[in-house]
>>> print(open('run07.json').read())   # JSON, C-alpha atoms
[["chain", "number", "residue", "atom", "x", "y", "z"],
["A", 1, "MET", "CA", 41.42, -54.50, -118.45],
["A", 2, "VAL", "CA", 41.62, -50.98, -117.02],
["A", 3, "VAL", "CA", 40.21, -50.19, -113.55],
["A", 4, "SER", "CA", 40.16, -46.67, -112.19],
["A", 5, "ALA", "CA", 38.70, -45.88, -108.80],
["A", 6, "ALA", "CA", 38.40, -42.92, -106.49],
["A", 7, "THR", "CA", 41.58, -42.52, -104.53],
["A", 8, "HIS", "CA", 40.17, -40.42, -101.68],
["A", 9, "SER", "CA", 37.19, -41.20, -99.48],
["A", 10, "HIS", "CA", 35.72, -37.77, -100.24],
["A", 11, "ASP", "CA", 36.03, -38.36, -104.00],
["A", 12, "ILE", "CA", 32.76, -39.94, -105.11],
["A", 13, "ALA", "CA", 33.26, -39.92, -108.87],
["A", 14, "PRO", "CA", 32.14, -43.18, -110.50],
["A", 15, "ALA", "CA", 34.84, -45.71, -111.22],
["A", 16, "GLN", "CA", 35.19, -46.91, -114.81],
["A", 17, "ILE", "CA", 35.71, -50.55, -115.60],
["A", 18, "SER", "CA", 36.54, -51.39, -119.19],
["A", 19, "VAL", "CA", 36.79, -54.96, -120.34],
["A", 20, "GLY", "CA", 38.22, -55.06, -123.82],
["A", 21, "LYS", "CA", 36.56, -52.64, -126.21],
["A", 22, "ALA", "CA", 33.05, -54.05, -126.06],
["A", 23, "ALA", "CA", 31.80, -53.43, -122.53],
["A", 24, "THR", "CA", 31.98, -50.40, -120.25],
["A", 25, "HIS", "CA", 30.30, -50.39, -116.81],
["A", 26, "SER", "CA", 30.15, -47.69, -114.17],
["A", 27, "ILE", "CA", 30.31, -48.42, -110.46],
["A", 28, "VAL", "CA", 29.13, -45.62, -108.22],
["A", 29, "ALA", "CA", 31.07, -45.29, -105.02],
["A", 30, "PRO", "CA", 28.83, -45.20, -101.93],
["A", 31, "ALA", "CA", 27.91, -41.80, -100.58],
["A", 32, "GLN", "CA", 29.78, -40.76, -97.50],
["A", 33, "VAL", "CA", 28.05, -41.69, -94.29],
["A", 34, "SER", "CA", 28.86, -39.37, -91.43],
["A", 35, "GLU", "CA", 29.47, -40.74, -87.99],
["A", 36, "PRO", "CA", 26.58, -40.15, -85.61],
["A", 37, "ALA", "CA", 27.10, -37.43, -83.03],
["A", 38, "ARG", "CA", 28.38, -38.85, -79.76],
["A", 39, "VAL", "CA", 28.12, -37.51, -76.23],
["A", 40, "GLY", "CA", 31.41, -35.85, -75.34],
["A", 41, "VAL", "CA", 32.93, -32.85, -73.59],
["A", 42, "GLY", "CA", 31.65, -29.59, -75.04],
["A", 43, "LYS", "CA", 28.48, -31.11, -76.58],
["A", 44, "TYR", "CA", 25.00, -29.99, -75.64],
["A", 45, "VAL", "CA", 23.12, -33.15, -74.72],
["A", 46, "THR", "CA", 19.37, -33.53, -74.35],
["A", 47, "ILE", "CA", 18.12, -36.40, -72.17],
["A", 48, "ASN", "CA", 15.00, -37.84, -70.61],
["A", 49, "TYR", "CA", 15.55, -39.83, -67.42],
["A", 50, "THR", "CA", 14.04, -41.69, -64.50],
["A", 51, "LEU", "CA", 15.78, -41.76, -61.12],
["A", 52, "ARG", "CA", 15.07, -44.61, -58.71],
["A", 53, "THR", "CA", 16.27, -45.38, -55.18],
["A", 54, "ASN", "CA", 15.52, -48.79, -53.70],
["A", 55, "GLY", "CA", 13.33, -49.52, -56.74],
["A", 56, "ALA", "CA", 11.02, -46.56, -56.06],
["A", 57, "ILE", "CA", 10.80, -43.74, -58.58],
["A", 58, "ARG", "CA", 12.18, -40.53, -57.06],
["A", 59, "HIS", "CA", 12.12, -38.28, -60.13],
["A", 60, "MET", "CA", 11.15, -38.48, -63.79],
["A", 61, "ARG", "CA", 11.87, -36.15, -66.66],
["A", 62, "THR", "CA", 9.92, -37.50, -69.60],
["A", 63, "SER", "CA", 7.77, -36.30, -72.46],
["A", 64, "ILE", "CA", 5.12, -38.83, -71.37],
["A", 65, "TRP", "CA", 4.23, -36.42, -68.55],
["A", 66, "GLY", "CA", 4.73, -33.34, -70.71],
["A", 67, "ASP", "CA", 8.15, -32.52, -69.24],
["A", 68, "GLU", "CA", 10.77, -30.79, -71.32],
["A", 69, "PRO", "CA", 13.90, -32.94, -71.63],
["A", 70, "LEU", "CA", 16.97, -31.87, -69.67],
["A", 71, "VAL", "CA", 19.58, -30.06, -71.77],
["A", 72, "TYR", "CA", 23.09, -29.80, -70.32],
["A", 73, "LEU", "CA", 26.63, -29.07, -71.49],
["A", 74, "HIS", "CA", 28.59, -32.31, -71.16],
["A", 75, "GLY", "CA", 31.67, -31.87, -69.00],
["A", 76, "SER", "CA", 30.40, -28.72, -67.29],
["A", 77, "GLY", "CA", 29.75, -30.46, -63.96],
["A", 78, "ARG", "CA", 25.96, -30.08, -64.05],
["A", 79, "LEU", "CA", 25.47, -33.84, -63.79],
["A", 80, "LEU", "CA", 27.05, -36.22, -61.35],
["A", 81, "PRO", "CA", 30.52, -37.12, -62.72],
["A", 82, "ALA", "CA", 29.73, -40.87, -62.68],
["A", 83, "LEU", "CA", 26.56, -40.28, -64.73],
["A", 84, "GLU", "CA", 28.51, -38.17, -67.23],
["A", 85, "ARG", "CA", 31.07, -41.00, -67.55],
["A", 86, "ALA", "CA", 28.24, -43.47, -68.21],
["A", 87, "LEU", "CA", 26.86, -41.22, -70.98],
["A", 88, "GLU", "CA", 30.25, -40.58, -72.64],
["A", 89, "GLY", "CA", 30.29, -41.84, -76.24],
["A", 90, "LYS", "CA", 26.55, -42.59, -76.45],
["A", 91, "VAL", "CA", 24.51, -41.62, -79.54],
["A", 92, "GLU", "CA", 21.03, -40.20, -80.08],
["A", 93, "GLY", "CA", 18.33, -42.74, -79.27],
["A", 94, "GLU", "CA", 20.61, -44.81, -77.06],
["A", 95, "ARG", "CA", 19.28, -45.86, -73.65],
["A", 96, "ILE", "CA", 21.39, -46.70, -70.63],
["A", 97, "VAL", "CA", 20.88, -47.77, -67.04],
["A", 98, "ALA", "CA", 23.54, -46.45, -64.66],
["A", 99, "THR", "CA", 23.68, -47.56, -61.03],
["A", 100, "LEU", "CA", 25.64, -45.18, -58.83],
["A", 101, "PRO", "CA", 26.63, -46.22, -55.29],
["A", 102, "PRO", "CA", 26.61, -43.43, -52.67],
["A", 103, "GLU", "CA", 30.36, -42.87, -53.13],
["A", 104, "GLU", "CA", 29.77, -41.97, -56.80],
["A", 105, "ALA", "CA", 26.60, -39.97, -56.14],
["A", 106, "TYR", "CA", 26.02, -37.70, -53.12],
["A", 107, "GLY", "CA", 28.28, -39.52, -50.67],
["A", 108, "LYS", "CA", 27.49, -41.31, -47.46],
["A", 109, "ARG", "CA", 25.39, -39.63, -44.79],
["A", 110, "ASP", "CA", 27.61, -37.60, -42.50],
["A", 111, "LYS", "CA", 26.38, -37.29, -38.91],
["A", 112, "ALA", "CA", 28.58, -34.20, -38.51],
["A", 113, "LEU", "CA", 26.17, -32.43, -40.87],
["A", 114, "GLN", "CA", 23.32, -32.85, -38.39],
["A", 115, "GLN", "CA", 22.73, -30.19, -35.78],
["A", 116, "ARG", "CA", 20.37, -29.67, -32.84],
["A", 117, "VAL", "CA", 18.83, -26.21, -32.86],
["A", 118, "PRO", "CA", 16.33, -24.57, -30.51],
["A", 119, "ALA", "CA", 12.73, -24.93, -31.68],
["A", 120, "GLU", "CA", 12.23, -21.15, -31.44],
["A", 121, "THR", "CA", 14.63, -20.86, -34.40],
["A", 122, "PHE", "CA", 11.58, -21.81, -36.49],
["A", 123, "GLY", "CA", 9.45, -18.94, -35.13],
["A", 124, "GLY", "CA", 6.49, -18.22, -37.38],
["A", 125, "VAL", "CA", 6.02, -21.86, -38.37],
["A", 126, "ASP", "CA", 2.95, -23.35, -36.71],
["A", 127, "GLN", "CA", 4.03, -26.98, -36.68],
["A", 128, "VAL", "CA", 7.59, -28.16, -37.41],
["A", 129, "GLU", "CA", 7.63, -31.79, -38.55],
["A", 130, "PRO", "CA", 10.24, -34.29, -39.76],
["A", 131, "GLY", "CA", 10.70, -34.10, -43.52],
["A", 132, "MET", "CA", 10.16, -30.33, -43.74],
["A", 133, "CYS", "CA", 12.87, -28.38, -45.58],
["A", 134, "PHE", "CA", 14.08, -24.86, -44.82],
["A", 135, "LEU", "CA", 16.78, -22.49, -46.00],
["A", 136, "ALA", "CA", 19.29, -21.63, -43.29],
["A", 137, "HIS", "CA", 22.09, -19.09, -43.15],
["A", 138, "SER", "CA", 25.53, -20.17, -42.00],
["A", 139, "GLU", "CA", 26.77, -18.67, -38.73],
["A", 140, "ASP", "CA", 28.91, -16.14, -40.62],
["A", 141, "GLY", "CA", 25.92, -15.26, -42.84],
["A", 142, "ARG", "CA", 27.85, -15.93, -46.05],
["A", 143, "ARG", "CA", 26.10, -19.12, -47.18],
["A", 144, "VAL", "CA", 22.56, -20.33, -47.46],
["A", 145, "GLU", "CA", 22.01, -24.06, -47.11],
["A", 146, "ASN", "CA", 19.06, -26.38, -47.44],
["A", 147, "VAL", "CA", 18.28, -28.13, -44.17],
["A", 148, "MET", "CA", 15.82, -30.91, -43.56],
["A", 149, "VAL", "CA", 14.14, -31.49, -40.23],
["A", 150, "THR", "CA", 14.81, -35.10, -39.23],
["A", 151, "GLU", "CA", 13.57, -35.09, -35.63],
["A", 152, "VAL", "CA", 11.46, -32.85, -33.38],
["A", 153, "ASP", "CA", 11.89, -33.08, -29.60],
["A", 154, "GLU", "CA", 8.97, -30.99, -28.34],
["A", 155, "GLN", "CA", 9.55, -31.86, -24.67],
["A", 156, "ASN", "CA", 13.08, -30.45, -24.69],
["A", 157, "GLY", "CA", 12.42, -27.74, -27.31],
["A", 158, "PHE", "CA", 14.98, -28.91, -29.87],
["A", 159, "VAL", "CA", 14.83, -29.76, -33.56],
["A", 160, "LEU", "CA", 17.42, -31.94, -35.31],
["A", 161, "VAL", "CA", 18.25, -30.56, -38.77],
["A", 162, "ASP", "CA", 20.35, -32.24, -41.44],
["A", 163, "THR", "CA", 22.36, -30.52, -44.21],
["A", 164, "ASN", "CA", 23.27, -33.78, -45.98],
["A", 165, "HIS", "CA", 21.95, -33.95, -49.53],
["A", 166, "PRO", "CA", 18.52, -35.68, -49.41],
["A", 167, "LEU", "CA", 19.93, -38.48, -51.61],
["A", 168, "ALA", "CA", 23.13, -38.93, -49.56],
["A", 169, "GLY", "CA", 23.71, -42.53, -48.51],
["A", 170, "MET", "CA", 21.51, -43.90, -51.31],
["A", 171, "THR", "CA", 22.34, -45.98, -54.36],
["A", 172, "LEU", "CA", 20.89, -44.17, -57.38],
["A", 173, "GLU", "CA", 19.64, -45.91, -60.50],
["A", 174, "PHE", "CA", 19.26, -43.72, -63.57],
["A", 175, "GLU", "CA", 17.47, -44.84, -66.73],
["A", 176, "VAL", "CA", 18.50, -42.35, -69.40],
["A", 177, "CYS", "CA", 17.54, -41.89, -73.04],
["A", 178, "VAL", "CA", 19.74, -39.62, -75.16],
["A", 179, "VAL", "CA", 17.29, -37.46, -77.12],
["A", 180, "ALA", "CA", 19.69, -35.16, -79.00],
["A", 181, "ILE", "CA", 23.34, -34.14, -79.23],
["A", 182, "ARG", "CA", 24.60, -30.92, -80.75],
["A", 183, "ASP", "CA", 27.76, -28.88, -80.87],
["A", 184, "ALA", "CA", 28.08, -25.87, -78.63],
["A", 185, "PRO", "CA", 27.40, -22.70, -80.60],
["A", 186, "ALA", "CA", 30.46, -20.87, -81.84],
["A", 187, "THR", "CA", 31.02, -17.65, -79.98],
["A", 188, "ALA", "CA", 32.64, -14.63, -81.55],
["A", 189, "GLY", "CA", 35.57, -13.10, -79.74],
["A", 190, "CYS", "CA", 36.48, -9.43, -79.53],
["A", 191, "GLY", "CA", 36.34, -7.74, -82.91],
["A", 192, "LYS", "CA", 34.92, -10.77, -84.68],
["A", 193, "ALA", "CA", 31.58, -10.87, -86.42]]
>>> encode(input="run07.json", output="structure tokens")
Amino acid sequence: MVVSAATHSHDIAPAQISVGKAATHSIVAPAQVSEPARVGVGKYVTINYTLRTNGAIRHMRTSIWGDEPLVYLHGSGRLLPALERALEGKVEGERIVATLPPEEAYGKRDKALQQRVPAETFGGVDQVEPGMCFLAHSEDGRRVENVMVTEVDEQNGFVLVDTNHPLAGMTLEFEVCVVAIRDAPATAGCGKA
């Protein structure tokens, strides 16, 4: 009996089996199956997601509502690091639920990031109310920050503003579906086509 088989995984030539001189059979080696693309650093990842806090939906990005999926470069820092870690190694079509405590999301609420400002700072606004958001310049004028009004003291003419992230202090629950994964496009360097 003589048996010859492919010696390399990329060699897909049929193997020959000969038994005596009367019978010859061919066995076809299986075609190569490529590994599915996995989420990893340097990959462009497309996701749909739902974000909940305390069981209530805070944000959805889903085709059900006609939204375009979110496309991001994995490892670039666009997503929360803990969410990127939860997505690492996932494949297209995979769904995950990731629960992030405040320490792994936007941190705990920091009272030092709250400030009392005179109500006249909001000149031109008819009625300042808790929950309203404004852009504010830092004292040196170099930064612009989002501030949220958390309290209005009309009797004393002060407004309490907060520069904490709106989701600070909250546990975040993400339901994510990986829609697509692709390699980053190759970029040509100087003098290359």
>>> residues_around(input="run07.json", residues="region 113-130 of chain A", least_positions_apart="6", cutoff="7 Å", atoms="only C-alpha atoms", output="PyMOL selection string")
chain A and resi 149-152+157-164
>>> closest_residue(input="run07.json", among="A:Arg38, A:Lys108, A:Arg142, A:Arg61", to="His74 (chain A)", atoms="all atoms listed in the file")
A:Arg38
>>> closest_residue(input="run07.json", among="A:Arg85, A:Gly107, A:Pro166, A:Val178", to="Gly131 (chain A)", atoms="all atoms listed in the file")
A:Pro166
>>> closest_residue(input="run07.json", among="A:Val45, A:Ala180, A:Leu172, A:Val144", to="Tyr72 (chain A)", atoms="all atoms listed in the file")
A:Val45
>>> residues_near_point(input="run07.json", point="(17.2, -19.4, -44.1)", cutoff="9 Å", atoms="only C-alpha atoms", output="list in words")
Phe134, Leu135, Ala136, His137, Ser138, Val144, Glu145, Asn146 and Val147 of chain A
>>> residues_around(input="run07.json", residues="region 93-95 of chain A", least_positions_apart="6", cutoff="6 Å", atoms="all atoms listed in the file", output="list in words")
Val176, Cys177, Val178 and Val179 of chain A
>>> residues_around(input="run07.json", residues="Pro81 (chain A)", least_positions_apart="6", cutoff="9 Å", atoms="all atoms listed in the file", output="list in words")
Gly75, Glu104 and Ala105 of chain A
>>> atom_distance(input="run07.json", atom1="CA of Lys111 (chain A)", atom2="CA of Arg58 (chain A)")
23.3 Å
>>> atom_distance(input="run07.json", atom1="CA of Arg143 (chain A)", atom2="CA of Thr171 (chain A)")
28.1 Å
>>> atom_distance(input="run07.json", atom1="CA of Asn48 (chain A)", atom2="CA of Pro69 (chain A)")
5.1 Å
>>> residues_around(input="run07.json", residues="Val97 (chain A)", least_positions_apart="2", cutoff="7 Å", atoms="all atoms listed in the file", output="ChimeraX atom specification")
/A:99,173-176
>>> axis_aligned_box(input="run07.json", around="region 144-162 of chain A", padding_each_side="5 Å", output="lines of an AutoDock Vina configuration file")
center_x = 15.8
center_y = -27.7
center_z = -36.1
size_x = 23.6
size_y = 24.8
size_z = 32.8
>>> build_atoms(input="run07.json", residues="region 100-125 of chain A", atoms="N, CA and C atoms", output="tab-separated table (two decimals), in the frame of the given file")
chain	number	residue	atom	x	y	z
A	100	LEU	N	24.59	-45.91	-59.52
A	100	LEU	CA	25.64	-45.18	-58.83
A	100	LEU	C	25.57	-45.45	-57.33
A	101	PRO	N	26.60	-46.05	-56.74
A	101	PRO	CA	26.63	-46.22	-55.29
A	101	PRO	C	26.80	-44.85	-54.64
A	102	PRO	N	26.51	-44.73	-53.35
A	102	PRO	CA	26.61	-43.43	-52.67
A	102	PRO	C	27.95	-42.72	-52.91
A	103	GLU	N	29.04	-43.48	-52.95
A	103	GLU	CA	30.36	-42.87	-53.13
A	103	GLU	C	30.50	-42.16	-54.47
A	104	GLU	N	29.71	-42.58	-55.47
A	104	GLU	CA	29.77	-41.97	-56.80
A	104	GLU	C	28.59	-41.02	-57.03
A	105	ALA	N	27.77	-40.85	-56.02
A	105	ALA	CA	26.60	-39.97	-56.14
A	105	ALA	C	26.75	-38.81	-55.16
A	106	TYR	N	25.99	-38.82	-54.08
A	106	TYR	CA	26.02	-37.70	-53.12
A	106	TYR	C	26.74	-38.05	-51.83
A	107	GLY	N	27.48	-39.14	-51.84
A	107	GLY	CA	28.28	-39.52	-50.67
A	107	GLY	C	27.45	-40.22	-49.60
A	108	LYS	N	28.15	-40.66	-48.60
A	108	LYS	CA	27.49	-41.31	-47.46
A	108	LYS	C	26.93	-40.22	-46.56
A	109	ARG	N	25.95	-40.59	-45.75
A	109	ARG	CA	25.39	-39.63	-44.79
A	109	ARG	C	26.47	-39.33	-43.75
A	110	ASP	N	26.60	-38.05	-43.45
A	110	ASP	CA	27.61	-37.60	-42.50
A	110	ASP	C	26.90	-37.03	-41.27
A	111	LYS	N	27.05	-37.74	-40.14
A	111	LYS	CA	26.38	-37.29	-38.91
A	111	LYS	C	26.86	-35.90	-38.47
A	112	ALA	N	28.06	-35.53	-38.88
A	112	ALA	CA	28.58	-34.20	-38.51
A	112	ALA	C	27.77	-33.08	-39.18
A	113	LEU	N	27.00	-33.42	-40.19
A	113	LEU	CA	26.17	-32.43	-40.87
A	113	LEU	C	24.77	-32.32	-40.27
A	114	GLN	N	24.58	-32.97	-39.12
A	114	GLN	CA	23.32	-32.85	-38.39
A	114	GLN	C	23.55	-31.94	-37.19
A	115	GLN	N	22.55	-31.15	-36.86
A	115	GLN	CA	22.73	-30.19	-35.78
A	115	GLN	C	21.42	-30.04	-35.01
A	116	ARG	N	21.54	-29.96	-33.69
A	116	ARG	CA	20.37	-29.67	-32.84
A	116	ARG	C	20.25	-28.17	-32.70
A	117	VAL	N	19.06	-27.65	-32.98
A	117	VAL	CA	18.83	-26.21	-32.86
A	117	VAL	C	17.59	-25.99	-32.00
A	118	PRO	N	17.51	-24.86	-31.32
A	118	PRO	CA	16.33	-24.57	-30.51
A	118	PRO	C	15.09	-24.46	-31.40
A	119	ALA	N	13.98	-24.96	-30.92
A	119	ALA	CA	12.73	-24.93	-31.68
A	119	ALA	C	12.31	-23.51	-32.02
A	120	GLU	N	12.63	-22.54	-31.16
A	120	GLU	CA	12.23	-21.15	-31.44
A	120	GLU	C	12.93	-20.58	-32.68
A	121	THR	N	13.98	-21.26	-33.16
A	121	THR	CA	14.63	-20.86	-34.40
A	121	THR	C	13.63	-20.85	-35.56
A	122	PHE	N	12.60	-21.67	-35.44
A	122	PHE	CA	11.58	-21.81	-36.49
A	122	PHE	C	10.36	-20.95	-36.18
A	123	GLY	N	10.55	-19.84	-35.47
A	123	GLY	CA	9.45	-18.94	-35.13
A	123	GLY	C	8.65	-18.56	-36.38
A	124	GLY	N	7.35	-18.54	-36.25
A	124	GLY	CA	6.49	-18.22	-37.38
A	124	GLY	C	5.96	-19.44	-38.10
A	125	VAL	N	6.51	-20.61	-37.77
A	125	VAL	CA	6.02	-21.86	-38.37
A	125	VAL	C	5.15	-22.53	-37.32
